[in-house]
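Shown below: structure35.txt, with compact mmCIF, C-alpha atoms (C1' of nucleotides).
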# COMPACT_ATOMS: atom_id res chain seq x y z
CA MET A 1 16.83 -29.14 -12.21
CA PRO A 2 15.50 -29.89 -15.69
CA TRP A 3 12.55 -31.93 -16.91
CA GLU A 4 10.02 -30.33 -14.62
CA LYS A 5 9.23 -26.95 -13.13
CA GLN A 6 11.24 -26.20 -10.03
CA PHE A 7 8.47 -24.14 -8.47
CA ASP A 8 4.76 -24.43 -7.85
CA VAL A 9 3.02 -22.33 -10.51
CA ASP A 10 -0.16 -22.12 -8.49
CA GLU A 11 1.67 -21.02 -5.36
CA ALA A 12 3.51 -18.37 -7.38
CA LEU A 13 0.24 -17.06 -8.81
CA GLU A 14 -1.23 -16.91 -5.32
CA ARG A 15 1.68 -14.81 -4.09
CA ALA A 16 1.56 -12.55 -7.16
CA LYS A 17 -2.13 -11.97 -6.51
CA ASN A 18 -1.39 -10.81 -2.97
CA THR A 19 1.20 -8.32 -4.20
CA PHE A 20 -1.12 -6.91 -6.88
CA TRP A 21 -3.92 -6.81 -4.33
CA THR A 22 -1.95 -4.86 -1.77
CA VAL A 23 -0.24 -2.22 -3.91
CA GLY A 24 -2.03 -2.33 -7.26
CA TYR A 25 -0.80 -3.12 -10.77
CA GLU A 26 1.33 -0.09 -11.63
CA ALA A 27 2.90 0.16 -8.19
CA ALA A 28 3.93 -3.50 -8.19
CA SER A 29 7.38 -3.63 -9.77
CA MET A 30 8.82 -6.77 -11.33
CA SER A 31 11.34 -6.89 -8.49
CA ASP A 32 8.48 -6.86 -5.96
CA LEU A 33 6.66 -9.59 -7.84
CA LEU A 34 9.69 -11.85 -8.31
CA LYS A 35 10.59 -11.49 -4.65
CA SER A 36 7.10 -12.32 -3.42
CA MET A 37 6.69 -15.14 -5.93
CA GLY A 38 10.05 -16.59 -4.95
CA ILE A 39 11.21 -17.21 -8.51
CA ASN A 40 13.79 -15.59 -10.79
CA ARG A 41 13.49 -13.48 -13.89
CA GLY A 42 14.21 -16.24 -16.38
CA SER A 43 11.60 -18.57 -14.95
CA PHE A 44 9.08 -15.77 -14.81
CA TYR A 45 9.23 -14.70 -18.44
CA ASP A 46 9.37 -18.34 -19.55
CA THR A 47 6.24 -19.22 -17.63
CA PHE A 48 4.12 -16.06 -17.52
CA LYS A 49 5.28 -14.13 -20.60
CA SER A 50 4.88 -10.63 -19.18
CA LYS A 51 3.65 -8.59 -16.24
CA HIS A 52 0.45 -7.81 -18.09
CA ASP A 53 -0.24 -11.46 -18.93
CA LEU A 54 0.43 -12.34 -15.31
CA MET A 55 -2.27 -9.91 -14.23
CA LEU A 56 -4.79 -11.44 -16.62
CA THR A 57 -3.95 -14.94 -15.43
CA VAL A 58 -4.18 -13.95 -11.78
CA LEU A 59 -7.45 -12.12 -12.38
CA ARG A 60 -9.10 -15.05 -14.13
CA ARG A 61 -7.86 -17.41 -11.43
CA TYR A 62 -9.29 -15.18 -8.70
CA ASP A 63 -12.59 -14.93 -10.51
CA ALA A 64 -12.96 -18.71 -10.84
CA ASN A 65 -11.41 -19.90 -7.58
CA GLU A 66 -12.51 -17.24 -5.16
CA ARG A 67 -15.38 -15.08 -6.34
CA ARG A 68 -17.51 -17.86 -7.81
CA VAL A 69 -16.61 -20.25 -5.02
CA LEU A 70 -17.73 -17.71 -2.42
CA LEU A 71 -21.12 -17.36 -4.09
CA GLU A 72 -21.61 -21.12 -4.02
CA ALA A 73 -20.37 -21.49 -0.47
CA VAL A 74 -22.73 -18.86 0.83
CA LYS A 75 -25.75 -20.71 -0.57
CA LEU A 76 -25.05 -23.92 1.37
CA ASP A 77 -27.55 -24.64 4.14
CA ARG A 78 -29.12 -21.19 3.77
CA THR A 79 -32.35 -19.77 2.47
CA PRO A 80 -31.99 -17.21 -0.35
CA ARG A 81 -32.34 -14.25 1.96
CA GLU A 82 -29.93 -15.75 4.48
CA ALA A 83 -27.43 -16.33 1.68
CA LEU A 84 -27.53 -12.68 0.64
CA VAL A 85 -27.19 -11.46 4.21
CA ALA A 86 -24.34 -13.88 4.91
CA LEU A 87 -22.47 -12.69 1.81
CA PHE A 88 -22.61 -9.02 2.77
CA ARG A 89 -21.76 -9.78 6.38
CA ALA A 90 -18.74 -11.74 5.20
CA LEU A 91 -17.59 -8.81 3.06
CA VAL A 92 -17.46 -6.33 5.91
CA ASP A 93 -16.18 -8.88 8.43
CA ASP A 94 -13.08 -9.47 6.30
CA THR A 95 -11.96 -6.13 7.64
CA ARG A 96 -10.67 -7.75 10.79
CA GLY A 97 -7.42 -9.69 10.59
CA PRO A 98 -3.99 -9.20 9.03
CA LEU A 99 -5.28 -8.95 5.45
CA SER A 100 -7.68 -6.19 6.37
CA HIS A 101 -8.29 -2.99 4.43
CA GLN A 102 -7.40 -4.68 1.14
CA GLY A 103 -10.89 -4.54 -0.28
CA CYS A 104 -11.81 -6.81 -3.17
CA PHE A 105 -9.16 -7.76 -5.73
CA LEU A 106 -11.64 -7.54 -8.56
CA VAL A 107 -12.87 -4.07 -7.57
CA ASN A 108 -9.35 -2.73 -7.09
CA VAL A 109 -8.29 -3.94 -10.52
CA ALA A 110 -11.53 -2.73 -12.10
CA LEU A 111 -10.96 0.82 -10.96
CA GLU A 112 -7.28 0.98 -11.85
CA LEU A 113 -7.24 -0.82 -15.19
CA SER A 114 -10.70 -1.06 -16.73
CA PRO A 115 -10.61 2.30 -18.54
CA SER A 116 -7.28 1.57 -20.23
CA ASP A 117 -7.30 -2.21 -20.58
CA PRO A 118 -10.11 -3.80 -22.61
CA GLU A 119 -9.13 -7.36 -21.63
CA VAL A 120 -9.38 -6.51 -17.94
CA ALA A 121 -12.57 -4.57 -18.54
CA GLU A 122 -14.22 -7.58 -20.14
CA ILE A 123 -13.33 -9.93 -17.28
CA VAL A 124 -14.57 -7.37 -14.76
CA GLN A 125 -17.85 -6.76 -16.56
CA ILE A 126 -18.61 -10.47 -16.86
CA ALA A 127 -17.86 -10.94 -13.17
CA PHE A 128 -20.05 -8.00 -12.13
CA ALA A 129 -22.88 -9.22 -14.35
CA ASP A 130 -22.54 -12.72 -12.88
CA ASN A 131 -22.75 -11.35 -9.35
CA GLU A 132 -25.81 -9.35 -10.33
CA GLN A 133 -27.35 -12.51 -11.76
CA PHE A 134 -26.65 -14.32 -8.48
CA PHE A 135 -28.38 -11.53 -6.56
CA LEU A 136 -31.35 -11.67 -8.92
CA GLU A 137 -31.75 -15.43 -8.48
CA GLN A 138 -31.64 -15.20 -4.71
CA ILE A 139 -34.11 -12.33 -4.65
CA ARG A 140 -36.59 -14.12 -6.90
CA ALA A 141 -36.29 -17.36 -4.94
CA GLY A 142 -36.75 -15.45 -1.69
CA GLN A 143 -39.78 -13.65 -3.04
CA GLN A 144 -41.40 -16.97 -3.97
CA THR A 145 -40.97 -18.39 -0.49
CA GLY A 146 -42.17 -15.07 0.93
CA GLU A 147 -39.06 -14.20 2.95
CA ILE A 148 -38.28 -11.22 0.70
CA PRO A 149 -40.98 -8.61 0.07
CA THR A 150 -42.38 -8.61 -3.45
CA ASP A 151 -43.14 -4.91 -3.61
CA LEU A 152 -39.52 -4.30 -4.66
CA GLY A 153 -38.60 -4.91 -8.28
CA ALA A 154 -36.16 -7.83 -8.36
CA GLU A 155 -34.09 -6.46 -11.25
CA GLU A 156 -33.70 -2.98 -9.76
CA LEU A 157 -32.90 -4.46 -6.38
CA SER A 158 -30.18 -6.71 -7.80
CA CYS A 159 -28.58 -3.67 -9.46
CA MET A 160 -28.64 -1.88 -6.14
CA LEU A 161 -27.00 -4.87 -4.48
CA ILE A 162 -24.09 -5.05 -6.95
CA THR A 163 -23.58 -1.34 -6.36
CA GLN A 164 -23.63 -1.94 -2.62
CA TYR A 165 -21.16 -4.80 -2.98
CA VAL A 166 -18.69 -2.66 -4.89
CA GLY A 167 -19.20 0.35 -2.64
CA LEU A 168 -18.56 -1.61 0.53
CA MET A 169 -15.30 -2.97 -0.89
CA VAL A 170 -14.08 0.54 -1.61
CA LEU A 171 -15.01 1.80 1.84
CA VAL A 172 -13.18 -1.13 3.42
CA ARG A 173 -10.01 -0.35 1.49
CA ALA A 174 -10.33 3.36 2.14
CA GLY A 175 -10.42 2.63 5.88
CA SER A 176 -13.97 3.70 6.72
CA PRO A 177 -15.09 3.10 10.33
CA GLN A 178 -16.50 -0.35 11.03
CA THR A 179 -19.67 1.31 12.34
CA VAL A 180 -20.41 2.74 8.91
CA LEU A 181 -19.92 -0.61 7.17
CA ASP A 182 -22.08 -2.43 9.71
CA ALA A 183 -24.82 0.20 9.47
CA ALA A 184 -24.89 -0.04 5.67
CA VAL A 185 -25.29 -3.82 5.84
CA GLU A 186 -27.92 -3.52 8.55
CA GLN A 187 -29.95 -1.18 6.36
CA LEU A 188 -29.65 -3.68 3.54
CA GLU A 189 -31.04 -6.43 5.74
CA LYS A 190 -34.01 -4.26 6.64
CA ILE A 191 -34.80 -3.70 2.99
CA LEU A 192 -34.66 -7.43 2.30
CA SER A 193 -37.26 -8.28 4.94
CA MET B 1 9.17 37.44 -17.91
CA PRO B 2 10.05 38.14 -14.25
CA TRP B 3 8.05 39.78 -11.47
CA GLU B 4 5.02 37.57 -11.79
CA LYS B 5 4.08 34.00 -12.60
CA GLN B 6 3.98 33.35 -16.31
CA PHE B 7 1.23 30.77 -15.95
CA ASP B 8 -2.14 30.48 -14.24
CA VAL B 9 -1.61 28.28 -11.17
CA ASP B 10 -5.28 27.46 -10.96
CA GLU B 11 -5.45 26.48 -14.59
CA ALA B 12 -2.38 24.27 -14.16
CA LEU B 13 -3.95 22.53 -11.14
CA GLU B 14 -7.12 21.96 -13.13
CA ARG B 15 -5.18 20.28 -15.91
CA ALA B 16 -3.14 18.22 -13.46
CA LYS B 17 -6.37 17.02 -11.88
CA ASN B 18 -7.65 15.81 -15.23
CA THR B 19 -4.47 13.83 -15.84
CA PHE B 20 -4.55 12.21 -12.39
CA TRP B 21 -8.25 11.55 -12.84
CA THR B 22 -7.85 9.79 -16.15
CA VAL B 23 -4.83 7.56 -15.53
CA GLY B 24 -4.33 7.58 -11.76
CA TYR B 25 -1.43 8.75 -9.60
CA GLU B 26 1.24 6.12 -10.29
CA ALA B 27 0.54 5.95 -14.01
CA ALA B 28 0.77 9.73 -14.42
CA SER B 29 4.44 10.47 -15.12
CA MET B 30 6.02 13.87 -14.53
CA SER B 31 6.36 14.23 -18.30
CA ASP B 32 2.63 13.61 -18.71
CA LEU B 33 1.81 16.12 -16.01
CA LEU B 34 4.13 18.85 -17.29
CA LYS B 35 2.79 18.43 -20.80
CA SER B 36 -0.85 18.63 -19.73
CA MET B 37 -0.17 21.50 -17.34
CA GLY B 38 1.71 23.40 -20.03
CA ILE B 39 4.61 24.40 -17.79
CA ASN B 40 8.24 23.34 -17.50
CA ARG B 41 10.10 21.38 -14.87
CA GLY B 42 11.69 24.34 -13.12
CA SER B 43 8.41 26.18 -12.71
CA PHE B 44 6.75 23.02 -11.48
CA TYR B 45 9.17 22.19 -8.67
CA ASP B 46 9.35 25.86 -7.68
CA THR B 47 5.58 26.12 -7.39
CA PHE B 48 4.34 22.67 -6.40
CA LYS B 49 7.37 21.12 -4.64
CA SER B 50 6.79 17.51 -5.71
CA LYS B 51 4.44 15.13 -7.49
CA HIS B 52 3.06 13.97 -4.15
CA ASP B 53 2.43 17.51 -2.91
CA LEU B 54 0.72 18.28 -6.19
CA MET B 55 -1.67 15.39 -5.62
CA LEU B 56 -2.54 16.62 -2.13
CA THR B 57 -3.11 20.16 -3.43
CA VAL B 58 -5.26 18.95 -6.30
CA LEU B 59 -7.23 16.65 -3.99
CA ARG B 60 -7.99 19.39 -1.47
CA ARG B 61 -8.96 21.74 -4.26
CA TYR B 62 -11.33 19.17 -5.75
CA ASP B 63 -12.86 18.52 -2.36
CA ALA B 64 -13.55 22.20 -1.70
CA ASN B 65 -14.41 23.45 -5.20
CA GLU B 66 -16.28 20.52 -6.65
CA ARG B 67 -17.53 18.00 -4.10
CA ARG B 68 -18.81 20.50 -1.54
CA VAL B 69 -20.09 22.86 -4.21
CA LEU B 70 -22.10 20.03 -5.79
CA LEU B 71 -23.78 19.25 -2.46
CA GLU B 72 -24.80 22.87 -2.04
CA ALA B 73 -25.96 23.26 -5.62
CA VAL B 74 -28.18 20.22 -5.44
CA LYS B 75 -30.04 21.65 -2.43
CA LEU B 76 -31.13 24.82 -4.24
CA ASP B 77 -34.85 25.01 -4.98
CA ARG B 78 -35.32 21.38 -3.94
CA THR B 79 -36.93 19.54 -1.08
CA PRO B 80 -34.59 17.21 0.88
CA ARG B 81 -35.76 14.10 -0.94
CA GLU B 82 -35.55 15.84 -4.31
CA ALA B 83 -32.03 16.96 -3.49
CA LEU B 84 -30.92 13.38 -2.77
CA VAL B 85 -32.54 12.05 -5.93
CA ALA B 86 -31.06 14.85 -8.03
CA LEU B 87 -27.57 14.11 -6.67
CA PHE B 88 -27.67 10.43 -7.56
CA ARG B 89 -29.22 11.14 -10.95
CA ALA B 90 -26.42 13.60 -11.65
CA LEU B 91 -23.80 11.00 -10.73
CA VAL B 92 -24.96 8.43 -13.25
CA ASP B 93 -25.80 11.01 -15.92
CA ASP B 94 -22.17 12.16 -15.96
CA THR B 95 -21.54 8.97 -17.89
CA ARG B 96 -22.61 10.63 -21.10
CA GLY B 97 -20.22 13.04 -22.74
CA PRO B 98 -16.49 13.15 -23.52
CA LEU B 99 -15.38 12.94 -19.89
CA SER B 100 -17.41 9.80 -19.33
CA HIS B 101 -16.25 6.65 -17.59
CA GLN B 102 -13.91 8.61 -15.36
CA GLY B 103 -15.84 8.03 -12.16
CA CYS B 104 -15.24 10.26 -9.16
CA PHE B 105 -11.78 11.73 -8.61
CA LEU B 106 -12.08 11.27 -4.86
CA VAL B 107 -13.09 7.61 -5.13
CA ASN B 108 -10.35 6.82 -7.62
CA VAL B 109 -7.70 8.36 -5.41
CA ALA B 110 -9.16 6.74 -2.30
CA LEU B 111 -8.83 3.26 -3.71
CA GLU B 112 -5.35 3.74 -5.15
CA LEU B 113 -3.65 5.69 -2.39
CA SER B 114 -5.56 5.46 0.90
CA PRO B 115 -3.90 2.26 2.16
CA SER B 116 -0.37 3.59 1.62
CA ASP B 117 -0.78 7.34 2.09
CA PRO B 118 -2.08 8.59 5.46
CA GLU B 119 -2.45 12.18 4.26
CA VAL B 120 -4.65 11.11 1.37
CA ALA B 121 -6.55 8.72 3.64
CA GLU B 122 -7.40 11.52 6.03
CA ILE B 123 -8.73 13.82 3.31
CA VAL B 124 -10.77 10.96 1.87
CA GLN B 125 -12.25 9.94 5.21
CA ILE B 126 -13.26 13.51 6.08
CA ALA B 127 -14.88 13.89 2.66
CA PHE B 128 -16.77 10.60 2.96
CA ALA B 129 -17.93 11.49 6.46
CA ASP B 130 -19.07 14.90 5.25
CA ASN B 131 -21.08 13.33 2.45
CA GLU B 132 -22.61 10.94 4.92
CA GLN B 133 -23.52 13.88 7.15
CA PHE B 134 -25.15 15.61 4.18
CA PHE B 135 -27.21 12.48 3.50
CA LEU B 136 -28.22 12.27 7.15
CA GLU B 137 -29.39 15.89 7.23
CA GLN B 138 -31.47 15.50 4.09
CA ILE B 139 -33.03 12.28 5.36
CA ARG B 140 -33.96 13.77 8.72
CA ALA B 141 -35.36 16.91 7.12
CA GLY B 142 -37.35 14.82 4.65
CA GLN B 143 -38.68 12.61 7.42
CA GLN B 144 -39.94 15.67 9.29
CA THR B 145 -41.86 16.96 6.30
CA GLY B 146 -43.13 13.44 5.68
CA GLU B 147 -41.71 12.96 2.18
CA ILE B 148 -39.29 10.26 3.39
CA PRO B 149 -40.66 7.28 5.35
CA THR B 150 -39.70 7.26 9.03
CA ASP B 151 -39.63 3.49 9.41
CA LEU B 152 -36.06 3.52 8.08
CA GLY B 153 -33.30 4.44 10.53
CA ALA B 154 -31.78 7.72 9.31
CA GLU B 155 -28.23 6.83 10.38
CA GLU B 156 -28.24 3.39 8.76
CA LEU B 157 -29.82 4.79 5.63
CA SER B 158 -27.17 7.51 5.31
CA CYS B 159 -24.45 4.84 5.58
CA MET B 160 -26.12 2.89 2.82
CA LEU B 161 -26.29 6.01 0.67
CA ILE B 162 -22.58 6.78 0.98
CA THR B 163 -21.92 3.17 0.00
CA GLN B 164 -24.21 3.57 -3.02
CA TYR B 165 -22.48 6.80 -3.98
CA VAL B 166 -19.07 5.17 -3.95
CA GLY B 167 -20.30 2.00 -5.63
CA LEU B 168 -21.96 3.87 -8.48
CA MET B 169 -18.76 5.80 -9.17
CA VAL B 170 -16.81 2.56 -9.48
CA LEU B 171 -19.38 1.00 -11.79
CA VAL B 172 -19.29 4.11 -13.98
CA ARG B 173 -15.51 3.92 -14.31
CA ALA B 174 -15.58 0.17 -14.84
CA GLY B 175 -17.93 0.71 -17.77
CA SER B 176 -21.08 -0.95 -16.45
CA PRO B 177 -24.17 -0.72 -18.70
CA GLN B 178 -26.24 2.42 -18.26
CA THR B 179 -29.27 0.23 -17.55
CA VAL B 180 -27.63 -1.13 -14.41
CA LEU B 181 -26.76 2.34 -13.13
CA ASP B 182 -30.24 3.67 -13.82
CA ALA B 183 -31.87 0.67 -12.15
CA ALA B 184 -29.76 1.09 -9.01
CA VAL B 185 -30.78 4.75 -8.72
CA GLU B 186 -34.39 3.89 -9.42
CA GLN B 187 -34.37 1.37 -6.60
CA LEU B 188 -32.84 4.01 -4.37
CA GLU B 189 -35.67 6.40 -5.17
CA LYS B 190 -38.24 3.76 -4.28
CA ILE B 191 -36.65 3.27 -0.89
CA LEU B 192 -36.72 7.01 -0.22
CA SER B 193 -40.48 7.30 -0.78
C1' DC C 1 30.20 -40.69 -16.92
C1' DC C 2 28.86 -38.38 -20.60
C1' DT C 3 25.25 -35.86 -23.30
C1' DG C 4 21.82 -32.57 -23.87
C1' DA C 5 17.53 -30.49 -22.71
C1' DT C 6 16.07 -27.28 -19.24
C1' DT C 7 16.23 -24.07 -15.49
C1' DT C 8 18.86 -21.20 -12.94
C1' DG C 9 20.77 -16.55 -11.14
C1' DG C 10 22.22 -12.49 -12.55
C1' DA C 11 24.36 -9.28 -15.87
C1' DA C 12 23.03 -6.06 -19.28
C1' DT C 13 19.44 -3.66 -22.18
C1' DG C 14 17.55 0.96 -23.38
C1' DA C 15 13.90 3.60 -21.62
C1' DT C 16 11.92 6.22 -18.29
C1' DC C 17 11.28 7.43 -13.49
C1' DG C 18 11.09 11.77 -10.09
C1' DG C 19 13.97 15.40 -9.07
C1' DT C 20 18.06 18.87 -9.41
C1' DA C 21 21.25 22.14 -11.43
C1' DT C 22 22.27 25.64 -14.45
C1' DA C 23 22.68 28.89 -17.96
C1' DA C 24 20.14 31.66 -21.27
C1' DA C 25 16.24 34.76 -21.80
C1' DT C 26 13.31 38.22 -19.94
C1' DG C 27 11.81 42.95 -18.80
C1' DG C 28 11.03 46.32 -14.97
C1' DT C 29 14.19 49.57 -12.51
C1' DA C 30 17.77 52.84 -12.18
C1' DT D 1 21.85 51.02 -21.36
C1' DA D 2 23.55 48.48 -17.46
C1' DC D 3 21.69 45.96 -13.81
C1' DC D 4 19.48 42.07 -11.59
C1' DA D 5 15.71 39.33 -9.73
C1' DT D 6 13.09 35.89 -11.72
C1' DT D 7 11.49 32.38 -15.02
C1' DT D 8 12.52 29.92 -18.66
C1' DA D 9 14.25 25.63 -21.19
C1' DT D 10 17.14 21.91 -21.01
C1' DA D 11 20.96 19.03 -19.71
C1' DC D 12 21.73 15.93 -16.31
C1' DC D 13 21.41 12.96 -12.00
C1' DG D 14 21.20 8.23 -9.95
C1' DA D 15 17.62 4.97 -9.49
C1' DT D 16 14.49 1.98 -11.22
C1' DC D 17 11.42 0.37 -14.87
C1' DA D 18 10.05 -4.12 -17.75
C1' DT D 19 12.40 -7.09 -20.51
C1' DT D 20 16.20 -9.79 -22.89
C1' DC D 21 20.01 -12.60 -22.86
C1' DC D 22 23.41 -15.95 -21.60
C1' DA D 23 26.62 -18.75 -19.24
C1' DA D 24 26.64 -21.77 -15.26
C1' DA D 25 24.22 -25.34 -12.84
C1' DT D 26 21.31 -29.21 -12.92
C1' DC D 27 19.94 -34.01 -13.61
C1' DA D 28 17.31 -37.71 -16.49
C1' DG D 29 18.46 -40.83 -20.35
C1' DG D 30 21.96 -43.45 -22.70
Show me the file's structure as structure tokens.
Amino acid sequence: MPWEKQFDVDEALERAKNTFWTVGYEAASMSDLLKSMGINRGSFYDTFKSKHDLMLTVLRRYDANERRVLLEAVKLDRTPREALVALFRALVDDTRGPLSHQGCFLVNVALELSPSDPEVAEIVQIAFADNEQFFLEQIRAGQQTGEIPTDLGAEELSCMLITQYVGLMVLVRAGSPQTVLDAAVEQLEKILS
Amino acid sequence: MPWEKQFDVDEALERAKNTFWTVGYEAASMSDLLKSMGINRGSFYDTFKSKHDLMLTVLRRYDANERRVLLEAVKLDRTPREALVALFRALVDDTRGPLSHQGCFLVNVALELSPSDPEVAEIVQIAFADNEQFFLEQIRAGQQTGEIPTDLGAEELSCMLITQYVGLMVLVRAGSPQTVLDAAVEQLEKILS
DNA sequence: CCTGATTTGGAATGATCGGTATAAATGGTA
DNA sequence: TACCATTTATACCGATCATTCCAAATCAGG
């Protein structure tokens, strides 16, 4: 089995992400991770160095491959306002299905590790700021075409939206009733029109 | 030293809360807890039964003595709209000071334990629903006196407010810039007038 | 069919986990 | 002062923690 890796690194990272996502960083033991990743101890420490480094790798991968990709996907074939609405609808619709009540990986990690882990905190803050920037761009574009009212300050509104984004993800994970999530998004739509 | 407890149970719970609040449930070891509570193992298991039972006790105590008390305090000498504004201002002002960047104990626990701990989930859901009810009452009262616009649905708005509440607490713990927190609250004030 | 670089599974590491057991210390009562 | 219920401090429990280590297994190049 020499000369090349016997397992798919990307697939292993994907599975590690799911374990961290479901139970959190501290509660995910190395045994849990190795089992879900389908590799053995030797391979793990050779390839990923440590549990902490694994988390950083997984987090950066999620940020690039999922968070940013979602923002781009939601813009396709949509006006700015439609893009914002579609994003928030997608967030609360993820509640249905087998992976429900998991919330957002980034938000979960932010709350658990940010205060004690500067490297995580930096990744989280850049991601949050980037989301806020995305909101700001959509709001400004929507205000120019007239589909979003201009009597609301774009900067303040984008800050409220990032707060709403994070809040919704917590409520989803905490198991809040679907009616509450839907109502919150509905109110948001009203404000944007 | 017999005949009566040698330590203040309430004081011990207060200190336990601070430890859970700072590092979370999983990351708080029994050694950490005993040290911060200032009691020994025997006394602990006699009085509090287990780490898990301690968390439930602390959580219920926080809910009754701090969350509910804050809602009542904020209503004193204030109109409904003023009460809502004062509450959100207080949330983001807690960032300053030595206990900053801790967020809300209830929100922290909700995200870490709700998916895996039904007892915690129930306490959290009742607390969130009670906060939402508080928001709804203030909105309706404010709409009757005319200080809050009636073109916004009170139910939807209260759902958005509980989402904002939770979201702000996460951003505080994640270390978001004060400007973002202030802007989000400012936007909220605009919507309420 | 060797050789040797590489990965494998799993044993072993010391530390720490939550929780229990116990014996010494305590101080009001008799 | 002898008694005794109670709390104290600490030794100890098996389990599990993240990590290290190593011999056995593997297979391309020679």
Tell me the residues of chain D close to chain B, meaning within 9 Å using only C-alpha atoms (C1' of nucleotides), as a short mmCIF file (atom, residue, chain, number, x, y, z; two decimals) with C-alpha atoms (C1' of nucleotides), in the coordinates of the input.
data_model
loop_
_atom_site.label_atom_id
_atom_site.label_comp_id
_atom_site.auth_asym_id
_atom_site.auth_seq_id
_atom_site.Cartn_x
_atom_site.Cartn_y
_atom_site.Cartn_z
"C1'" DA D 5 15.71 39.33 -9.73
"C1'" DT D 6 13.09 35.89 -11.72
"C1'" DT D 7 11.49 32.38 -15.02
"C1'" DT D 8 12.52 29.92 -18.66
"C1'" DA D 9 14.25 25.63 -21.19
#
Would you list the contacts of C:DA21 as a PyMOL selection string, taking every protein, DNA or RNA residue within 10 Å and counting only C-alpha atoms (C1' of nucleotides), but skipping same-chain residues closer than 3 positions in sequence? (chain B and resi 42) or (chain D and resi 11-13)
Keeping C-alpha atoms (C1' of nucleotides), export the residues of the selection given above as a PDB file, in the frame of the given file.
ATOM      1  CA  GLY B  42      11.690  24.340 -13.120  1.00  0.00           C
TER       2      GLY B  42
ATOM      3  C1'  DA D  11      20.960  19.030 -19.710  1.00  0.00           C
ATOM      4  C1'  DC D  12      21.730  15.930 -16.310  1.00  0.00           C
ATOM      5  C1'  DC D  13      21.410  12.960 -12.000  1.00  0.00           C
TER       6       DC D  13
END
Chain A contacts to chain B at 7 Å (all atoms listed in the file) as a PyMOL selection string: chain A and resi 26-27+108+110-111+114-115+121+125+156-157+159-160+163-164+166-168+170+173-174+176+180+183-184+186-187
What residues in chain C lie within 12 Å of chain B, counting all atoms listed in the file, written as a PyMOL selection string? chain C and resi 16-22+25-29
Up to 9 Å from (20.3, -14.2, -19.9) in the file's coordinates: name the residues, counting all atoms listed in the file, as a PyMOL selection string. (chain A and resi 42) or (chain C and resi 10-12) or (chain D and resi 20-23)
Grab the atom CA of A:Asp130 to atom CA of A:Pro149 distance for me, in Å with one decimal place.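 Atom-to-atom, atom CA of A:Asp130 to atom CA of A:Pro149, that is 22.9 Å.
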